[in-house]
$ cat my_file-v1.txt   # compact mmCIF, C-alpha atoms
# COMPACT_ATOMS: atom_id res chain seq x y z
CA MET L 1009 19.52 -11.01 -41.56
CA GLN L 1010 18.27 -14.54 -41.13
CA SER L 1011 19.68 -15.08 -37.68
CA LYS L 1012 17.67 -15.08 -34.49
CA PHE L 1013 17.10 -11.64 -32.97
CA PHE L 1014 14.79 -12.40 -30.08
CA VAL L 1015 15.40 -14.82 -27.23
CA LYS L 1016 12.48 -15.73 -24.99
CA THR L 1017 13.49 -16.30 -21.41
CA VAL L 1018 11.62 -16.00 -18.14
CA ILE L 1019 13.61 -13.62 -15.97
CA CYS L 1020 12.52 -12.11 -12.66
CA ALA L 1021 14.65 -9.05 -13.38
CA THR L 1022 14.03 -5.34 -13.50
CA ALA L 1023 14.47 -3.59 -16.81
CA LEU L 1024 14.38 0.17 -16.70
CA ALA L 1025 11.85 0.33 -19.52
CA LEU L 1026 14.16 2.69 -21.26
CA VAL L 1027 13.42 1.05 -24.54
CA ALA L 1028 10.80 2.67 -26.67
CA ALA L 1029 9.75 1.64 -30.08
CA GLY L 1030 10.66 2.90 -33.43
CA CYS L 1031 9.64 1.42 -36.75
CA SER L 1032 6.57 2.45 -38.68
CA ARG L 1033 4.97 -0.58 -40.21
CA SER L 1034 1.68 -0.65 -42.10
CA ASP L 1035 -0.90 2.11 -41.71
CA SER L 1036 -3.65 -0.38 -41.03
CA GLY L 1037 -5.11 -1.33 -37.69
CA PRO L 1038 -6.80 0.55 -34.85
CA GLU L 1039 -4.08 3.17 -34.36
CA ASN L 1040 -4.51 4.53 -37.84
CA ALA L 1041 -8.19 3.84 -38.38
CA GLY L 1042 -9.82 6.94 -39.80
CA THR L 1043 -6.54 8.81 -40.05
CA THR L 1044 -4.53 10.32 -42.82
CA GLY L 1045 -0.98 9.30 -43.46
CA GLY L 1046 2.01 11.61 -43.02
CA GLY L 1047 2.01 15.36 -43.22
CA ASN L 1048 2.97 17.83 -40.52
CA THR L 1049 -0.36 19.36 -39.55
CA PRO L 1050 -0.79 22.57 -37.55
CA ALA L 1051 -0.94 22.12 -33.80
CA ALA L 1052 -4.33 23.81 -33.59
CA SER L 1053 -5.87 20.98 -35.61
CA GLY L 1054 -5.40 18.47 -32.82
CA ALA L 1055 -3.71 16.05 -35.24
CA PHE L 1056 -0.29 14.53 -34.73
CA GLY L 1057 1.84 12.68 -37.26
CA SER L 1058 -0.37 10.10 -38.96
CA LEU L 1059 -3.17 10.50 -36.41
CA THR L 1060 -6.04 12.94 -36.79
CA ASP L 1061 -8.42 14.36 -34.20
CA ILE L 1062 -6.47 13.44 -31.08
CA CYS L 1063 -7.63 16.61 -29.38
CA GLY L 1064 -10.38 19.10 -30.15
CA PRO L 1065 -13.77 20.50 -29.13
CA GLY L 1066 -16.58 18.17 -28.16
CA ASN L 1067 -19.59 17.60 -25.94
CA ALA L 1068 -18.29 15.03 -23.48
CA LYS L 1069 -20.25 15.15 -20.23
CA GLY L 1070 -20.37 13.48 -16.86
CA ALA L 1071 -18.43 13.29 -13.60
CA THR L 1072 -17.85 9.60 -14.20
CA ALA L 1073 -14.70 9.09 -12.13
CA ARG L 1074 -12.32 10.80 -9.74
CA GLY L 1075 -10.77 13.79 -11.49
CA VAL L 1076 -13.34 13.84 -14.30
CA THR L 1077 -15.97 16.57 -14.72
CA ASP L 1078 -18.00 17.99 -17.58
CA THR L 1079 -15.22 20.46 -18.35
CA GLU L 1080 -11.92 18.90 -17.31
CA ILE L 1081 -9.95 15.75 -16.68
CA ARG L 1082 -7.21 15.77 -14.04
CA VAL L 1083 -4.22 13.46 -14.34
CA GLY L 1084 -0.80 13.04 -12.77
CA THR L 1085 2.72 12.56 -14.11
CA VAL L 1086 5.43 11.18 -11.82
CA ALA L 1087 9.18 11.75 -12.24
CA ASP L 1088 12.28 12.31 -10.05
CA PRO L 1089 13.71 15.73 -11.04
CA GLY L 1090 13.91 16.90 -7.42
CA PHE L 1091 16.41 14.21 -6.42
CA GLN L 1092 19.34 16.09 -4.92
CA GLY L 1093 21.84 13.50 -6.09
CA ARG L 1094 20.91 14.10 -9.74
CA PRO L 1095 18.93 17.35 -10.17
CA GLY L 1096 16.62 17.20 -13.15
CA LEU L 1097 16.43 13.39 -13.23
CA ASN L 1098 13.89 12.51 -15.94
CA GLN L 1099 12.68 16.10 -16.16
CA GLU L 1100 11.74 15.30 -19.75
CA LEU L 1101 8.70 13.37 -18.49
CA PHE L 1102 7.34 16.57 -16.93
CA ASP L 1103 8.28 18.53 -20.04
CA SER L 1104 6.41 16.21 -22.39
CA ALA L 1105 3.38 16.36 -20.09
CA THR L 1106 3.50 20.16 -20.23
CA VAL L 1107 3.98 20.36 -23.99
CA PHE L 1108 1.25 17.85 -24.78
CA THR L 1109 -1.34 19.35 -22.44
CA LYS L 1110 -0.71 22.89 -23.70
CA TRP L 1111 -1.02 21.74 -27.30
CA CYS L 1112 -4.07 19.57 -26.65
CA ASN L 1113 -5.89 22.24 -24.63
CA ALA L 1114 -5.16 24.84 -27.32
CA ALA L 1115 -6.85 22.52 -29.81
CA GLY L 1116 -9.95 22.18 -27.60
CA GLY L 1117 -9.00 19.55 -25.05
CA ILE L 1118 -10.09 15.92 -25.18
CA ALA L 1119 -13.60 16.02 -26.66
CA GLY L 1120 -13.96 19.43 -25.02
CA ARG L 1121 -12.53 18.51 -21.62
CA GLU L 1122 -9.47 20.54 -20.60
CA ILE L 1123 -6.54 18.54 -19.26
CA LYS L 1124 -5.24 19.52 -15.84
CA VAL L 1125 -1.91 17.85 -15.09
CA ASP L 1126 -0.31 17.43 -11.67
CA LEU L 1127 3.48 17.16 -11.90
CA LEU L 1128 4.31 14.78 -9.05
CA ASP L 1129 7.97 14.96 -8.05
CA ALA L 1130 8.95 11.71 -6.33
CA LYS L 1131 12.50 12.97 -5.68
CA LEU L 1132 13.64 9.33 -5.93
CA THR L 1133 12.52 8.36 -2.40
CA GLU L 1134 8.99 9.81 -2.23
CA TYR L 1135 7.18 7.75 -4.86
CA ARG L 1136 4.58 6.29 -2.49
CA ALA L 1137 3.70 9.74 -1.16
CA ARG L 1138 3.09 11.01 -4.69
CA ILE L 1139 0.92 8.00 -5.47
CA LEU L 1140 -1.19 8.69 -2.40
CA GLU L 1141 -1.62 12.29 -3.60
CA ALA L 1142 -2.68 11.10 -7.03
CA CYS L 1143 -5.17 8.72 -5.43
CA GLN L 1144 -6.89 11.75 -3.93
CA ASN L 1145 -7.02 13.92 -7.02
CA ASP L 1146 -6.25 12.28 -10.34
CA PHE L 1147 -8.19 10.12 -12.75
CA SER L 1148 -5.03 8.46 -14.06
CA LEU L 1149 -1.27 8.59 -14.21
CA VAL L 1150 0.10 9.35 -17.68
CA GLY L 1151 3.56 9.44 -19.24
CA GLY L 1152 5.54 9.14 -16.03
CA GLY L 1153 8.17 6.93 -14.46
CA ALA L 1154 10.25 6.76 -11.29
CA VAL L 1155 13.26 4.79 -10.14
CA PHE L 1156 11.62 3.30 -7.02
CA ASP L 1157 8.19 2.56 -8.44
CA ASP L 1158 7.82 -0.66 -6.48
CA VAL L 1159 6.81 1.01 -3.22
CA GLY L 1160 3.55 2.54 -4.45
CA GLN L 1161 1.97 -0.18 -6.55
CA LYS L 1162 -0.17 -1.62 -3.75
CA ASP L 1163 -1.58 1.84 -2.97
CA ARG L 1164 -2.21 2.58 -6.65
CA LEU L 1165 -4.16 -0.62 -7.09
CA GLU L 1166 -6.15 -0.12 -3.90
CA CYS L 1167 -7.38 3.29 -5.09
CA LEU L 1168 -8.00 1.96 -8.62
CA LEU L 1169 -5.62 4.46 -10.24
CA PRO L 1170 -4.80 3.47 -13.84
CA ASP L 1171 -1.40 4.19 -15.34
CA ILE L 1172 -0.53 4.77 -19.00
CA ALA L 1173 3.15 4.61 -18.15
CA GLY L 1174 6.06 6.40 -19.73
CA PHE L 1175 8.33 3.74 -18.29
CA VAL L 1176 8.40 1.29 -15.40
CA VAL L 1177 11.36 -0.05 -13.44
CA SER L 1178 10.63 -2.68 -10.82
CA THR L 1179 9.31 -6.16 -11.32
CA GLN L 1180 6.34 -5.15 -9.18
CA ALA L 1181 5.46 -2.33 -11.55
CA ARG L 1182 6.17 -4.27 -14.73
CA GLY L 1183 3.75 -6.99 -13.68
CA ALA L 1184 1.14 -4.73 -12.10
CA ASP L 1185 -2.53 -4.56 -13.00
CA LEU L 1186 -4.36 -1.41 -14.11
CA MET L 1187 -1.37 -0.44 -16.25
CA VAL L 1188 -0.60 -0.10 -19.93
CA GLN L 1189 3.01 0.36 -21.02
CA VAL L 1190 3.26 2.30 -24.25
CA VAL L 1191 6.56 0.54 -24.80
CA PRO L 1192 5.84 -2.90 -23.33
CA ASN L 1193 8.58 -4.30 -21.14
CA PRO L 1194 7.29 -7.68 -19.95
CA LEU L 1195 9.08 -9.99 -17.56
CA ASP L 1196 9.23 -12.99 -19.87
CA THR L 1197 11.01 -11.71 -22.99
CA LEU L 1198 14.41 -10.22 -23.73
CA PRO L 1199 15.42 -8.51 -27.01
CA VAL L 1200 18.93 -9.55 -28.02
CA GLY L 1201 19.38 -8.27 -31.58
CA ASP L 1202 21.93 -5.63 -30.62
CA TYR L 1203 24.06 -8.14 -28.69
CA LYS L 1204 24.11 -10.44 -31.69
CA TRP L 1205 25.12 -7.61 -34.01
CA LEU L 1206 27.97 -6.56 -31.71
CA ALA L 1207 29.23 -10.13 -31.44
CA GLU L 1208 29.23 -10.45 -35.22
CA GLN L 1209 30.93 -7.11 -35.85
CA PHE L 1210 33.57 -7.44 -33.12
CA PRO L 1211 34.44 -11.15 -32.88
CA ASP L 1212 37.73 -10.45 -31.09
CA SER L 1213 35.80 -8.88 -28.20
CA VAL L 1214 33.38 -11.69 -27.35
CA ASN L 1215 35.61 -13.30 -24.69
CA LYS L 1216 36.66 -9.98 -23.16
CA VAL L 1217 33.37 -8.37 -22.08
CA GLY L 1218 32.73 -6.34 -18.94
CA ALA L 1219 29.47 -5.28 -17.27
CA LEU L 1220 29.03 -2.15 -15.15
CA THR L 1221 26.12 -0.61 -13.30
CA GLY L 1222 25.33 1.50 -10.24
CA SER L 1223 24.88 -0.09 -6.84
CA LEU L 1224 21.07 -0.07 -6.88
CA PRO L 1225 19.05 -3.30 -6.73
CA SER L 1226 16.96 -2.30 -9.75
CA THR L 1227 19.89 -1.48 -12.03
CA ILE L 1228 21.83 -4.53 -10.87
CA LEU L 1229 18.96 -6.67 -12.08
CA VAL L 1230 18.94 -4.82 -15.41
CA LYS L 1231 22.66 -5.44 -15.73
CA ASP L 1232 22.14 -9.14 -14.97
CA GLN L 1233 19.56 -9.26 -17.73
CA ALA L 1234 22.02 -7.62 -20.12
CA ILE L 1235 24.63 -10.23 -19.22
CA GLU L 1236 22.16 -13.02 -19.93
CA GLY L 1237 21.29 -11.49 -23.28
CA ALA L 1238 24.95 -11.06 -24.23
CA GLU L 1239 25.90 -14.57 -23.14
CA SER L 1240 23.02 -15.99 -25.17
CA GLN L 1241 24.85 -14.59 -28.21
CA GLY L 1242 28.19 -16.15 -27.37
CA MET L 1243 29.79 -13.40 -25.30
CA LYS L 1244 31.78 -14.11 -22.15
CA VAL L 1245 31.61 -11.59 -19.30
CA ILE L 1246 34.88 -11.63 -17.34
CA TYR L 1247 34.40 -8.40 -15.37
CA ASP L 1248 31.16 -7.70 -13.48
CA ALA L 1249 31.25 -4.64 -11.24
CA GLN L 1250 29.22 -1.91 -9.59
CA TYR L 1251 29.96 1.76 -9.10
CA ASN L 1252 28.55 4.28 -6.64
CA ALA L 1253 25.00 4.95 -7.80
CA ALA L 1254 25.52 8.70 -7.47
CA GLY L 1255 28.79 8.50 -9.41
CA GLU L 1256 32.44 7.99 -8.54
CA PRO L 1257 34.64 10.79 -7.16
CA THR L 1258 37.15 9.62 -9.77
CA TRP L 1259 36.67 7.02 -12.49
CA ALA L 1260 40.40 6.36 -12.84
CA PRO L 1261 40.43 3.11 -10.75
CA ILE L 1262 37.61 1.55 -12.79
CA ALA L 1263 39.25 2.67 -16.02
CA GLN L 1264 42.55 1.12 -14.93
CA THR L 1265 40.82 -2.15 -14.01
CA ILE L 1266 39.18 -2.29 -17.43
CA LYS L 1267 42.57 -1.77 -19.06
CA SER L 1268 44.41 -4.28 -16.87
CA LYS L 1269 41.84 -6.99 -17.63
CA GLY L 1270 42.03 -6.31 -21.34
CA ILE L 1271 38.29 -5.66 -21.59
CA LYS L 1272 37.21 -4.92 -25.17
CA GLY L 1273 33.45 -4.40 -24.78
CA ILE L 1274 31.32 -3.00 -21.97
CA LEU L 1275 27.66 -3.68 -21.15
CA TRP L 1276 26.70 -0.43 -19.43
CA THR L 1277 23.57 0.14 -17.35
CA GLY L 1278 23.09 3.58 -15.85
CA GLU L 1279 22.93 7.22 -16.86
CA PRO L 1280 24.61 9.18 -19.65
CA GLU L 1281 26.51 11.47 -17.25
CA ASN L 1282 28.25 8.59 -15.47
CA LEU L 1283 29.03 6.80 -18.72
CA ALA L 1284 30.53 9.99 -20.12
CA LYS L 1285 32.75 10.35 -17.04
CA LEU L 1286 33.94 6.76 -17.41
CA GLU L 1287 34.82 7.44 -21.03
CA VAL L 1288 36.78 10.52 -19.96
CA GLY L 1289 38.64 8.30 -17.49
CA LEU L 1290 39.43 5.77 -20.22
CA ALA L 1291 40.62 8.51 -22.58
CA ASP L 1292 42.86 9.94 -19.86
CA ILE L 1293 44.80 6.66 -19.69
CA GLY L 1294 44.77 6.21 -23.47
CA TYR L 1295 42.60 3.07 -23.48
CA LYS L 1296 39.94 2.59 -26.16
CA LEU L 1297 37.25 -0.08 -26.09
CA ASP L 1298 35.97 -1.78 -29.23
CA TRP L 1299 32.44 -0.99 -28.09
CA ILE L 1300 30.20 0.14 -25.27
CA ARG L 1301 26.57 -0.95 -25.33
CA ALA L 1302 24.09 1.35 -23.54
CA ASP L 1303 20.32 1.46 -23.13
CA ALA L 1304 18.06 3.89 -24.91
CA ASN L 1305 18.09 6.48 -22.12
CA HIS L 1306 21.61 7.32 -23.28
CA TYR L 1307 20.22 8.83 -26.47
CA ASP L 1308 20.61 12.14 -24.71
CA GLN L 1309 22.69 15.27 -25.24
CA LYS L 1310 24.00 14.88 -21.70
CA LEU L 1311 26.41 12.23 -23.00
CA GLN L 1312 28.22 14.70 -25.27
CA ALA L 1313 27.84 17.65 -22.89
CA THR L 1314 29.67 15.71 -20.17
CA GLY L 1315 32.10 13.58 -22.17
CA GLY L 1316 32.99 15.86 -25.06
CA GLY L 1317 35.78 14.51 -27.24
CA SER L 1318 36.18 11.38 -25.10
CA ILE L 1319 32.98 9.78 -26.41
CA ALA L 1320 33.92 6.89 -28.70
CA ASN L 1321 32.55 3.56 -29.95
CA THR L 1322 29.37 3.92 -27.89
CA TYR L 1323 26.32 2.14 -29.28
CA VAL L 1324 22.85 3.02 -27.98
CA ARG L 1325 19.96 0.65 -28.64
CA SER L 1326 17.00 2.68 -29.87
CA THR L 1327 13.50 2.18 -31.18
CA VAL L 1328 12.53 5.81 -31.81
CA TYR L 1329 13.00 7.65 -35.07
CA PRO L 1330 16.20 9.69 -34.55
CA PHE L 1331 16.01 13.45 -34.09
CA GLU L 1332 18.89 13.83 -36.53
CA LYS L 1333 16.57 12.63 -39.30
CA ALA L 1334 13.48 14.57 -38.22
CA SER L 1335 13.15 16.20 -41.63
CA GLU L 1336 12.46 12.75 -43.06
CA ASN L 1337 9.76 11.83 -40.52
CA PRO L 1338 6.77 14.19 -40.02
CA ALA L 1339 5.91 12.96 -36.52
CA THR L 1340 9.43 13.54 -35.17
CA GLN L 1341 9.56 16.99 -36.75
CA GLN L 1342 6.18 17.90 -35.30
CA TYR L 1343 7.26 16.72 -31.85
CA LEU L 1344 10.28 19.05 -32.01
CA ASP L 1345 8.13 21.90 -33.36
CA LEU L 1346 5.66 21.55 -30.49
CA TYR L 1347 8.47 21.73 -27.95
CA LYS L 1348 9.77 24.85 -29.67
CA GLU L 1349 6.32 26.44 -29.56
CA TYR L 1350 5.12 25.48 -26.08
CA LEU L 1351 8.29 24.94 -24.01
CA PRO L 1352 11.27 26.34 -25.93
CA SER L 1353 13.58 26.33 -22.91
CA ALA L 1354 13.23 22.57 -22.43
CA LYS L 1355 15.48 19.87 -23.79
CA ALA L 1356 13.35 18.26 -26.50
CA LYS L 1357 15.79 15.70 -27.85
CA THR L 1358 15.51 12.89 -25.32
CA TYR L 1359 14.38 9.34 -25.80
CA LEU L 1360 12.19 9.33 -22.70
CA GLY L 1361 10.51 12.55 -23.81
CA VAL L 1362 9.34 10.84 -26.99
CA GLN L 1363 8.23 7.77 -25.08
CA ALA L 1364 6.20 9.90 -22.66
CA PHE L 1365 4.64 11.87 -25.53
CA SER L 1366 3.45 8.63 -27.10
CA SER L 1367 1.81 7.72 -23.77
CA TRP L 1368 -0.08 11.01 -23.80
CA ILE L 1369 -1.30 10.46 -27.35
CA LEU L 1370 -2.59 7.00 -26.46
CA PHE L 1371 -4.25 8.38 -23.33
CA ALA L 1372 -6.03 11.16 -25.21
CA ARG L 1373 -7.30 8.88 -27.94
CA SER L 1374 -8.54 6.38 -25.37
CA VAL L 1375 -10.35 8.99 -23.26
CA LYS L 1376 -11.96 10.41 -26.38
CA ALA L 1377 -13.17 6.93 -27.34
CA CYS L 1378 -14.76 6.57 -23.88
CA GLY L 1379 -16.94 9.63 -24.54
CA ASN L 1380 -19.40 10.14 -21.68
CA LYS L 1381 -18.29 6.97 -19.89
CA VAL L 1382 -14.74 7.81 -18.84
CA THR L 1383 -13.76 5.18 -16.27
CA ALA L 1384 -10.54 3.38 -15.41
CA LYS L 1385 -11.81 0.21 -17.07
CA CYS L 1386 -12.82 2.02 -20.24
CA LEU L 1387 -9.46 3.83 -20.39
CA LEU L 1388 -7.46 0.60 -20.16
CA ASP L 1389 -9.74 -1.33 -22.50
CA GLU L 1390 -9.62 1.41 -25.14
CA SER L 1391 -5.86 1.80 -24.79
CA LYS L 1392 -5.35 -1.85 -25.63
CA ARG L 1393 -7.90 -1.73 -28.44
CA ILE L 1394 -6.52 1.43 -30.03
CA GLY L 1395 -2.89 0.46 -29.47
CA SER L 1396 -3.52 -3.02 -30.82
CA THR L 1397 -0.35 -4.50 -32.36
CA THR L 1398 0.81 -1.54 -34.46
CA TRP L 1399 1.02 1.46 -32.13
CA THR L 1400 3.67 3.95 -33.28
CA GLY L 1401 2.51 7.11 -31.53
CA GLY L 1402 1.61 8.54 -34.92
CA GLY L 1403 5.02 7.65 -36.34
CA LEU L 1404 7.35 8.48 -33.45
CA HIS L 1405 8.60 4.97 -32.88
CA ALA L 1406 8.45 1.31 -33.81
CA ALA L 1407 5.22 -0.64 -33.92
CA MET L 1408 4.25 -1.71 -30.40
CA ASN L 1409 1.91 -4.51 -29.37
CA ILE L 1410 -0.13 -2.64 -26.76
CA ARG L 1411 -2.97 -5.15 -26.78
CA GLU L 1412 -0.82 -8.06 -25.66
CA GLN L 1413 1.91 -5.95 -24.01
CA LYS L 1414 4.70 -7.73 -25.88
CA SER L 1415 8.25 -6.50 -26.40
CA THR L 1416 9.19 -5.28 -29.85
CA GLU L 1417 11.81 -7.05 -31.91
CA CYS L 1418 12.58 -3.84 -33.81
CA PHE L 1419 15.74 -1.93 -32.98
CA SER L 1420 18.34 0.40 -34.36
CA LEU L 1421 21.78 1.28 -33.07
CA LEU L 1422 22.86 4.88 -32.69
CA LEU L 1423 26.61 5.45 -32.59
CA ALA L 1424 27.49 8.29 -30.24
CA ASN L 1425 30.31 10.65 -31.16
CA PRO L 1426 31.53 13.90 -29.59
CA LYS L 1427 29.05 15.93 -31.64
CA GLY L 1428 25.95 13.75 -31.55
CA PHE L 1429 24.58 10.46 -32.86
CA THR L 1430 24.56 8.68 -36.21
CA LEU L 1431 22.62 5.65 -37.40
CA THR L 1432 24.57 2.41 -37.71
CA ASP L 1433 23.95 0.05 -40.62
CA ILE L 1434 22.46 -3.04 -38.94
CA GLY L 1435 20.65 -4.49 -41.93
CA ALA L 1436 17.39 -2.57 -41.50
CA ASN L 1437 14.35 -4.28 -42.97
CA ASP L 1438 11.57 -1.97 -41.73
CA SER L 1439 12.22 1.73 -42.17
CA ILE L 1440 15.47 2.34 -40.23
CA PHE L 1441 15.01 -0.65 -37.95
CA ASN L 1442 15.84 -4.32 -37.97
CA CYS L 1443 12.61 -6.13 -37.14
CA THR L 1444 13.73 -9.67 -37.93
CA GLU L 1445 11.31 -12.20 -36.53
CA GLY L 1446 12.74 -14.42 -33.84
CA ASP L 1447 11.91 -17.83 -32.45

$ encode --input "my_file-v1.txt" --output "structure tokens"
Amino acid sequence: MQSKFFVKTVICATALALVAAGCSRSDSGPENAGTTGGGNTPAASGAFGSLTDICGPGNAKGATARGVTDTEIRVGTVADPGFQGRPGLNQELFDSATVFTKWCNAAGGIAGREIKVDLLDAKLTEYRARILEACQNDFSLVGGGAVFDDVGQKDRLECLLPDIAGFVVSTQARGADLMVQVVPNPLDTLPVGDYKWLAEQFPDSVNKVGALTGSLPSTILVKDQAIEGAESQGMKVIYDAQYNAAGEPTWAPIAQTIKSKGIKGILWTGEPENLAKLEVGLADIGYKLDWIRADANHYDQKLQATGGGSIANTYVRSTVYPFEKASENPATQQYLDLYKEYLPSAKAKTYLGVQAFSSWILFARSVKACGNKVTAKCLLDESKRIGSTTWTGGGLHAAMNIREQKSTECFSLLLANPKGFTLTDIGANDSIFNCTEGD
């Protein structure tokens, strides 16, 4: 495609950082320096995907920072699984932390230091309290994310707690210091390739678009950003609404409104369970949309488990290599194998799980590079050096610009169906992704 796929626009909006990256570009650059390409190596080797020697024995010494000793390094992972309104919310962040640390420690730790991970449950409303705990105990935060991450940033910065984030939500977190996003989600750029593709494929829908999100300030801002992206590609949003953030007792009224307005496409911001329930409501009244566009967090089995046969015409923007094609991508297959070995009861096939795992890989490589001088500054400097402009987590996702913390232009679209997800032909020009350069 020769058309523009990336619109630059300064927006003080919150994006849920539920976009991770997905195309493997060249094997050159800091991420792959001194590594071998491809091959699914045994977990005990401490190698992952295209990266060798992530974890293993060593002689690292020195109590150089809080949580760091000669023999161990203590870190924290934040998530919201204890939230009563949605039990298990982002549990996959804890699961990836558990799988990675078990694997890494079995291989010898990070240069000989064993990882000790604190799973910090923010329960949606207790983020600041968990940050204050981490400030007492942990060297860094790794691979986490929480819905209300704005309330603890001041405390995190005051105690000089670095964060190699799994995802960030608020504008305060997205613009915060002492942080590296493994999937950069800056405030001044907005990927729009998927909106353009939808407008081209469904021209009859462009003047009949709706936007829906939960009644939370953060998700409302994400929805507003989605509207701006869609309108930049010629769409017209004629229905802009919010639903109860915890879900509706019945989705029939919203479904009827969508039908009565003749909506043909929906920009959805939220969770897979609520989207699935809306699709059930639409199916119950016999109304089918041309398309639903959802963020990457909807690449989740919860969508099918909740919606069953009602799931239809649902496109999920993704930048990770799909689980359905794991046999074709060694890193994805190894990720699934490690889950099976170290936490078989967990749900491995989640987008955020992959994103968090990439954060852990970057953290481990950066700490190893720091050697006997493990400090917050060294961690962040090495993360940006190692990540550079081609970070793929060993092949899990698209090339990320960690050094400059820029958004990726690469994307794929996964079409959800009652049984799972399939790749959509979007004119891929880099592996399975469209990475067309934009203006």

$ closest_atom_pairs --input "my_file-v1.txt" --of "stretch 1365-1385 of chain L" --to "stretch 1394-1415 of chain L" --cutoff "9 Å" --atoms "only C-alpha atoms" --output "tab-separated table"
residue	atom	partner	partner_atom	distance
L:Phe1365	CA	L:Gly1401	CA	7.9
L:Ser1366	CA	L:Gly1401	CA	4.8
L:Ser1367	CA	L:Gly1401	CA	7.8
L:Ile1369	CA	L:Gly1401	CA	6.6
L:Leu1370	CA	L:Gly1401	CA	7.2
L:Arg1373	CA	L:Ile1394	CA	7.8
L:Ser1374	CA	L:Ile1394	CA	7.1

$ atom_distance --input "my_file-v1.txt" --atom1 "atom CA of L:Gly1174" --atom2 "atom CA of L:Gly1153"
5.7 Å

$ atom_distance --input "my_file-v1.txt" --atom1 "atom CA of L:Glu1122" --atom2 "atom CA of L:Val1107"
13.9 Å

$ closest_residue --input "my_file-v1.txt" --among "L:Lys1310, L:Val1086, L:Gln1233, L:Thr1106" --to "L:Gly1160" --atoms "only C-alpha atoms"
L:Val1086

$ atom_distance --input "my_file-v1.txt" --atom1 "atom CA of L:Tyr1251" --atom2 "atom CA of L:Thr1221"
6.2 Å

$ axis_aligned_box --input "my_file-v1.txt" --around "stretch 1108-1114 of chain L" --padding-each-side "5 Å" --output "JSON"
{"center_x": -2.3, "center_y": 21.3, "center_z": -24.9, "size_x": 17.1, "size_y": 17.0, "size_z": 14.9}

$ closest_residue --input "my_file-v1.txt" --among "L:Gly1084, L:Gly1201, L:Gly1278, L:Pro1065" --to "L:Val1230" --atoms "only C-alpha atoms"
L:Gly1278

$ residues_around --input "my_file-v1.txt" --residues "stretch 1211-1213 of chain L" --least-positions-apart "3" --cutoff "9 Å" --atoms "all atoms listed in the file" --output "short mmCIF file (atom, residue, chain, number, x, y, z; two decimals) with C-alpha atoms, in the coordinates of the input"
data_model
loop_
_atom_site.label_atom_id
_atom_site.label_comp_id
_atom_site.auth_asym_id
_atom_site.auth_seq_id
_atom_site.Cartn_x
_atom_site.Cartn_y
_atom_site.Cartn_z
CA LEU L 1206 27.97 -6.56 -31.71
CA ALA L 1207 29.23 -10.13 -31.44
CA GLU L 1208 29.23 -10.45 -35.22
CA LYS L 1216 36.66 -9.98 -23.16
CA VAL L 1217 33.37 -8.37 -22.08
CA MET L 1243 29.79 -13.40 -25.30
CA LYS L 1244 31.78 -14.11 -22.15
CA ILE L 1271 38.29 -5.66 -21.59
CA LYS L 1272 37.21 -4.92 -25.17
CA GLY L 1273 33.45 -4.40 -24.78
CA ASP L 1298 35.97 -1.78 -29.23
CA TRP L 1299 32.44 -0.99 -28.09
#

$ residues_near_point --input "my_file-v1.txt" --point "(-11.3, 18.5, -19.6)" --cutoff "10 Å" --atoms "all atoms listed in the file" --output "list in words"
Ala1068, Lys1069, Gly1075, Val1076, Thr1077, Asp1078, Thr1079, Glu1080, Ile1081, Arg1082, Asn1113, Gly1116, Gly1117, Ile1118, Ala1119, Gly1120, Arg1121, Glu1122, Ile1123 and Lys1124 of chain L

$ write_last_selection --input "my_file-v1.txt" --atoms "C-alpha atoms" --output "CSV table (one decimal), in the coordinates of the input"
chain,number,residue,atom,x,y,z
L,1068,ALA,CA,-18.3,15.0,-23.5
L,1069,LYS,CA,-20.2,15.2,-20.2
L,1075,GLY,CA,-10.8,13.8,-11.5
L,1076,VAL,CA,-13.3,13.8,-14.3
L,1077,THR,CA,-16.0,16.6,-14.7
L,1078,ASP,CA,-18.0,18.0,-17.6
L,1079,THR,CA,-15.2,20.5,-18.4
L,1080,GLU,CA,-11.9,18.9,-17.3
L,1081,ILE,CA,-10.0,15.8,-16.7
L,1082,ARG,CA,-7.2,15.8,-14.0
L,1113,ASN,CA,-5.9,22.2,-24.6
L,1116,GLY,CA,-10.0,22.2,-27.6
L,1117,GLY,CA,-9.0,19.6,-25.0
L,1118,ILE,CA,-10.1,15.9,-25.2
L,1119,ALA,CA,-13.6,16.0,-26.7
L,1120,GLY,CA,-14.0,19.4,-25.0
L,1121,ARG,CA,-12.5,18.5,-21.6
L,1122,GLU,CA,-9.5,20.5,-20.6
L,1123,ILE,CA,-6.5,18.5,-19.3
L,1124,LYS,CA,-5.2,19.5,-15.8

$ closest_residue --input "my_file-v1.txt" --among "L:Thr1327, L:Gln1342, L:Asn1337, L:Thr1277" --to "L:Leu1431" --atoms "all atoms listed in the file"
L:Thr1327

$ closest_residue --input "my_file-v1.txt" --among "L:Cys1378, L:Cys1418, L:Ala1154, L:Val1214" --to "L:Gly1242" --atoms "all atoms listed in the file"
L:Val1214

$ residues_around --input "my_file-v1.txt" --residues "L:Thr1432" --least-positions-apart "4" --cutoff "9 Å" --atoms "only C-alpha atoms" --output "NGL selection string"
:L and (1323 or 1420-1423)

$ closest_residue --input "my_file-v1.txt" --among "L:Phe1175, L:Gly1270, L:Thr1133, L:Leu1311" --to "L:Lys1427" --atoms "all atoms listed in the file"
L:Leu1311

$ residues_around --input "my_file-v1.txt" --residues "stretch 1090-1093 of chain L" --least-positions-apart "4" --cutoff "7 Å" --atoms "only C-alpha atoms" --output "PDB file with C-alpha atoms, in the coordinates of the input"
ATOM      1  CA  LEU L1097      16.430  13.390 -13.230  1.00  0.00           C
ATOM      2  CA  ASP L1129       7.970  14.960  -8.050  1.00  0.00           C
ATOM      3  CA  LYS L1131      12.500  12.970  -5.680  1.00  0.00           C
ATOM      4  CA  LEU L1132      13.640   9.330  -5.930  1.00  0.00           C
ATOM      5  CA  ALA L1254      25.520   8.700  -7.470  1.00  0.00           C
TER       6      ALA L1254
END
